[in-house]
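Source file: model.cif; contents: mmCIF, C-alpha atoms.
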```cif
data_final
#
loop_
_atom_site.label_atom_id
_atom_site.label_comp_id
_atom_site.auth_asym_id
_atom_site.auth_seq_id
_atom_site.Cartn_x
_atom_site.Cartn_y
_atom_site.Cartn_z
CA MET A 1 0.00 0.00 0.00
CA ASN A 2 1.29 3.42 -0.88
CA ARG A 3 -1.21 5.35 1.27
CA ILE A 4 -3.24 4.66 4.39
CA ARG A 5 -5.79 6.61 6.41
CA LEU A 6 -6.00 6.50 10.21
CA LYS A 7 -8.83 8.44 11.80
CA ASP A 8 -8.51 11.99 10.44
CA LYS A 9 -4.95 11.67 9.03
CA GLU A 10 -3.45 10.51 5.72
CA PHE A 11 -0.08 8.74 5.56
CA GLU A 12 2.16 7.73 2.66
CA LEU A 13 4.70 4.92 2.37
CA PHE A 14 8.02 6.04 3.83
CA ILE A 15 10.21 3.04 4.79
CA PRO A 16 9.47 -0.43 3.39
CA GLU A 17 9.65 -3.47 5.66
CA GLN A 18 12.76 -4.91 3.99
CA GLU A 19 14.77 -1.74 4.66
CA ILE A 20 13.71 -1.86 8.32
CA ASN A 21 14.63 -5.54 8.67
CA ASP A 22 18.03 -5.01 7.02
CA ALA A 23 18.80 -2.18 9.47
CA ILE A 24 17.75 -4.34 12.44
CA ALA A 25 19.94 -7.24 11.25
CA LYS A 26 22.93 -4.90 11.02
CA MET A 27 22.19 -3.54 14.51
CA ALA A 28 21.93 -7.08 15.95
CA LYS A 29 25.35 -7.94 14.54
CA GLN A 30 26.88 -4.85 16.20
CA ILE A 31 25.20 -5.56 19.56
CA LYS A 32 26.40 -9.16 19.50
CA GLU A 33 29.97 -8.01 18.78
CA ASP A 34 29.80 -5.44 21.61
CA VAL A 35 28.31 -7.61 24.36
CA GLY A 36 30.38 -10.69 23.57
CA HIS A 37 29.93 -13.16 26.41
CA GLU A 38 28.27 -10.68 28.78
CA ASN A 39 24.79 -11.43 29.96
CA PRO A 40 23.00 -8.14 29.26
CA LEU A 41 19.43 -7.53 30.27
CA PHE A 42 17.39 -6.38 27.29
CA VAL A 43 14.48 -4.13 28.24
CA GLY A 44 11.86 -3.80 25.52
CA VAL A 45 9.93 -0.55 25.75
CA LEU A 46 6.25 -1.14 24.97
CA ASN A 47 4.01 -0.66 23.14
CA GLY A 48 5.64 0.73 20.03
CA ALA A 49 8.80 -1.36 20.01
CA PHE A 50 7.13 -4.79 20.01
CA MET A 51 7.83 -5.53 16.32
CA PHE A 52 11.39 -4.18 16.55
CA ILE A 53 12.05 -6.21 19.71
CA ALA A 54 10.81 -9.43 18.12
CA GLU A 55 12.88 -8.94 14.97
CA LEU A 56 16.02 -7.92 16.88
CA MET A 57 15.82 -10.88 19.26
CA ARG A 58 15.35 -13.25 16.30
CA HIS A 59 18.60 -11.91 14.80
CA LEU A 60 20.46 -12.05 18.12
CA ASN A 61 19.40 -15.72 18.41
CA ASP A 62 20.96 -16.35 21.82
CA SER A 63 19.89 -16.99 25.42
CA TYR A 64 19.74 -13.32 26.38
CA GLU A 65 17.37 -12.23 29.13
CA LEU A 66 14.49 -10.03 27.97
CA THR A 67 11.97 -8.11 30.02
CA PHE A 68 9.57 -5.27 29.26
CA ALA A 69 8.60 -1.84 30.52
CA ARG A 70 6.16 0.78 29.36
CA TYR A 71 6.41 4.54 29.47
CA SER A 72 4.22 7.18 27.93
CA SER A 73 4.74 10.80 27.00
CA TYR A 74 2.57 11.19 23.88
CA ARG A 75 -1.01 12.19 23.24
CA GLY A 76 -2.03 12.08 19.57
CA THR A 77 0.83 13.43 17.45
CA ASN A 78 2.46 15.51 20.22
CA THR A 79 4.63 14.82 23.23
CA THR A 80 3.33 16.01 26.57
CA GLY A 81 6.85 16.41 27.97
CA ILE A 82 5.83 14.36 31.02
CA VAL A 83 7.09 10.77 31.26
CA LYS A 84 4.66 8.35 32.89
CA GLU A 85 5.86 4.91 34.00
CA ILE A 86 3.00 2.56 33.19
CA ILE A 87 4.81 -0.79 33.59
CA PRO A 88 8.12 -0.68 35.49
CA VAL A 89 11.02 -3.05 34.83
CA GLN A 90 10.33 -6.12 36.99
CA THR A 91 13.91 -7.50 36.88
CA ASP A 92 16.73 -6.36 39.16
CA VAL A 93 19.16 -4.24 37.12
CA LYS A 94 21.83 -3.89 39.84
CA ASP A 95 25.34 -4.51 38.45
CA ARG A 96 23.92 -5.45 35.03
CA THR A 97 24.47 -4.12 31.56
CA VAL A 98 21.02 -2.99 30.43
CA ILE A 99 20.20 -2.50 26.76
CA LEU A 100 17.01 -0.52 26.27
CA LEU A 101 15.11 -1.39 23.09
CA GLU A 102 13.06 1.57 21.85
CA ASP A 103 11.07 2.04 18.67
CA ILE A 104 11.93 5.69 18.08
CA VAL A 105 13.94 8.42 19.73
CA ASP A 106 12.74 11.90 18.86
CA SER A 107 12.83 14.41 21.73
CA GLY A 108 14.89 11.90 23.73
CA LEU A 109 13.24 12.96 26.97
CA THR A 110 11.63 9.59 27.73
CA MET A 111 14.84 7.63 27.19
CA GLN A 112 16.90 10.19 29.11
CA HIS A 113 14.48 9.67 32.03
CA VAL A 114 14.64 5.86 31.76
CA ILE A 115 18.45 5.75 31.48
CA HIS A 116 18.74 7.94 34.59
CA LYS A 117 16.28 5.67 36.43
CA MET A 118 18.21 2.50 35.48
CA LYS A 119 21.48 4.04 36.71
CA GLN A 120 19.81 5.09 39.98
CA GLU A 121 18.69 1.48 40.40
CA GLY A 122 22.31 0.31 40.12
CA ALA A 123 22.76 -0.72 36.49
CA ARG A 124 26.48 -0.97 35.72
CA ASN A 125 26.02 0.17 32.14
CA VAL A 126 22.96 1.35 30.20
CA ARG A 127 22.89 1.31 26.42
CA LEU A 128 20.16 2.41 24.08
CA ALA A 129 19.16 0.65 20.86
CA THR A 130 16.54 2.41 18.77
CA MET A 131 14.98 1.31 15.53
CA LEU A 132 14.53 4.95 14.42
CA PHE A 133 16.27 8.16 15.42
CA LYS A 134 15.20 11.74 14.67
CA PRO A 135 18.32 13.80 15.49
CA ASP A 136 16.63 17.07 14.48
CA ALA A 137 13.91 16.52 17.11
CA LEU A 138 16.30 15.85 20.01
CA LYS A 139 15.68 18.12 23.02
CA CYS A 140 18.32 16.77 25.40
CA ASP A 141 21.86 15.44 25.54
CA LEU A 142 21.26 11.85 24.42
CA LYS A 143 23.09 9.72 21.89
CA PRO A 144 21.72 6.24 21.17
CA ASP A 145 24.37 3.51 21.14
CA TYR A 146 22.68 1.61 18.31
CA VAL A 147 20.53 3.19 15.60
CA GLY A 148 18.67 1.29 12.91
CA LEU A 149 17.73 4.25 10.71
CA GLU A 150 18.01 8.02 11.05
CA MET A 151 15.13 10.05 9.70
CA PRO A 152 13.74 13.58 9.51
CA ASN A 153 11.26 14.88 12.07
CA ASP A 154 8.13 13.50 10.38
CA PHE A 155 5.24 11.89 12.26
CA ILE A 156 5.14 8.21 11.33
CA VAL A 157 3.10 5.05 11.91
CA GLY A 158 3.49 1.36 11.23
CA TYR A 159 5.92 -1.33 12.34
CA GLY A 160 4.73 -0.88 15.92
CA LEU A 161 4.35 2.91 15.83
CA ASP A 162 0.88 4.36 16.26
CA TYR A 163 -1.39 7.33 15.92
CA ASP A 164 -3.75 7.22 18.92
CA GLU A 165 -3.16 3.44 19.22
CA MET A 166 -3.95 2.79 15.53
CA GLY A 167 -1.62 1.68 12.75
CA ARG A 168 0.84 -0.42 14.75
CA SER A 169 0.30 -3.60 12.71
CA TYR A 170 1.48 -2.32 9.32
CA ARG A 171 4.74 -3.96 8.20
CA ASP A 172 5.97 -0.80 6.51
CA ILE A 173 6.40 2.67 7.99
CA TYR A 174 4.23 5.53 6.73
CA LYS A 175 4.69 9.26 7.24
CA ILE A 176 1.95 11.81 7.67
CA VAL A 177 0.99 13.75 4.54
#
```
Just dump the structure as structure tokens.
Amino acid sequence: MNRIRLKDKEFELFIPEQEINDAIAKMAKQIKEDVGHENPLFVGVLNGAFMFIAELMRHLNDSYELTFARYSSYRGTNTTGIVKEIIPVQTDVKDRTVILLEDIVDSGLTMQHVIHKMKQEGARNVRLATMLFKPDALKCDLKPDYVGLEMPNDFIVGYGLDYDEMGRSYRDIYKIV
């Protein structure tokens, strides 16, 4: 599909599924080289990253520990600037290398908050892997350790990303028209 409609918004094809999967495979290779024989704790950030997490873990193909957390700072197409912890990390992070798995980093405020929280809870090292990165939208001092694809500051849906909880199941990524 070249165009989709969600509620009151139109979106056009932006990044095809194969390009996303190739970027994730490359990221998985880099993570595996970096962590070597460590036993990192992967923390998947829900809801948007669920497709990215599944694909990345398939490529990692090892006995890594995976848990989930959920944070929210968006309403519609805009960030509220307030990070809400909806589901906290249930696994002890003390003295662990934690690799956060996020769908997209735009303002960076949510991940900055989560990284700080993990360090306060005793994580030895916190790394950030993001499927998508919008460097022009960044509003804090944050540099992801692993980036699938960089992109402009467009609002997008698909491959786990949503507009008011709709559009997550598309295999491709679409940008707002």
Residues in the PyMOL selection byres ((chain A and resi 176) around 6), expressed as an mmCIF file with C-alpha atoms, keeping the file's coordinate frame:
```
data_model
loop_
_atom_site.group_PDB
_atom_site.id
_atom_site.type_symbol
_atom_site.label_atom_id
_atom_site.label_comp_id
_atom_site.auth_asym_id
_atom_site.auth_seq_id
_atom_site.Cartn_x
_atom_site.Cartn_y
_atom_site.Cartn_z
ATOM 1 C CA GLU A 10 -3.450 10.510 5.720
ATOM 2 C CA PHE A 11 -0.080 8.740 5.560
ATOM 3 C CA PHE A 155 5.240 11.890 12.260
ATOM 4 C CA LYS A 175 4.690 9.260 7.240
ATOM 5 C CA VAL A 177 0.990 13.750 4.540
#
```
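Going from CA of Phe14 in chain A over to CA of Phe133 in chain A, you cover 14.4 Å.
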- Resolved residues for the PyMOL selection byres ((chain A and resi 171-174) around 10) as a PyMOL selection string: chain A and resi 1-4+10-20+51+154-161+167-170+175-177
- Message: What does the structure give for the distance between CA of Ile87 in chain A and CA of Phe52 in chain A, in Å to one decimal?
- Response: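 Going from CA of Ile87 in chain A over to CA of Phe52 in chain A covers 18.6 Å.
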- Identify, on the basis of only C-alpha atoms, every residue whose closest approach to Thr97 in chain A does not exceed 12 Å; exclude the query and any residue fewer than 4 positions from it along the same chain; express the result as a VMD selection string. chain A and resid 34 to 43 64 to 65 92 to 93 115 118 to 119 121 to 128
- Exactly which residues make up the result of the PyMOL selection byres ((chain A and resi 108) around 12) on this file, given as a VMD selection string? chain A and resid 73 79 81 to 83 102 to 107 109 to 115 128 130 132 to 144
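Taking CA of Leu149 in chain A as the reference point, CA of Pro88 in chain A is found at 27.0 Å.
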- Residue nearest Thr67 in chain A - candidates A:Gln30, A:Asn153, A:Thr91, A:Asn47, atoms counted: all atoms listed in the file: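 Closest to Thr67 in chain A of all the choices is A:Thr91.
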- Find, counting all atoms listed in the file, the residue in A:Arg58, A:Leu101, A:Lys9, A:Leu46 that gets nearest to Lys29 in chain A.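 Smallest distance to Lys29 in chain A is found for A:Arg58.
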Once 6 Å is added on each side, what centre and edge lengths in Å to one decimal does the axis-aligned box around all listed atoms of range 137-152 of chain A have, as AutoDock Vina command-line options?
```
--center_x 19.1 --center_y 9.7 --center_z 17.5 --size_x 22.6 --size_y 28.8 --size_z 28.0
```
- Task: Return the single residue from A:Lys26, A:Val45, A:Gln90, A:Glu85 that is closest to His59 in chain A, with distances computed using only C-alpha atoms.
- Result: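 Closest to His59 in chain A, using only C-alpha atoms: A:Lys26.
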- Item | Counting all atoms listed in the file, the option among A:Lys7, A:Arg96, A:Asn21, A:Asp162 closest to Ala54 in chain A |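 Going through A:Lys7, A:Arg96, A:Asn21, A:Asp162 one by one, the smallest distance to Ala54 in chain A is for A:Asn21.
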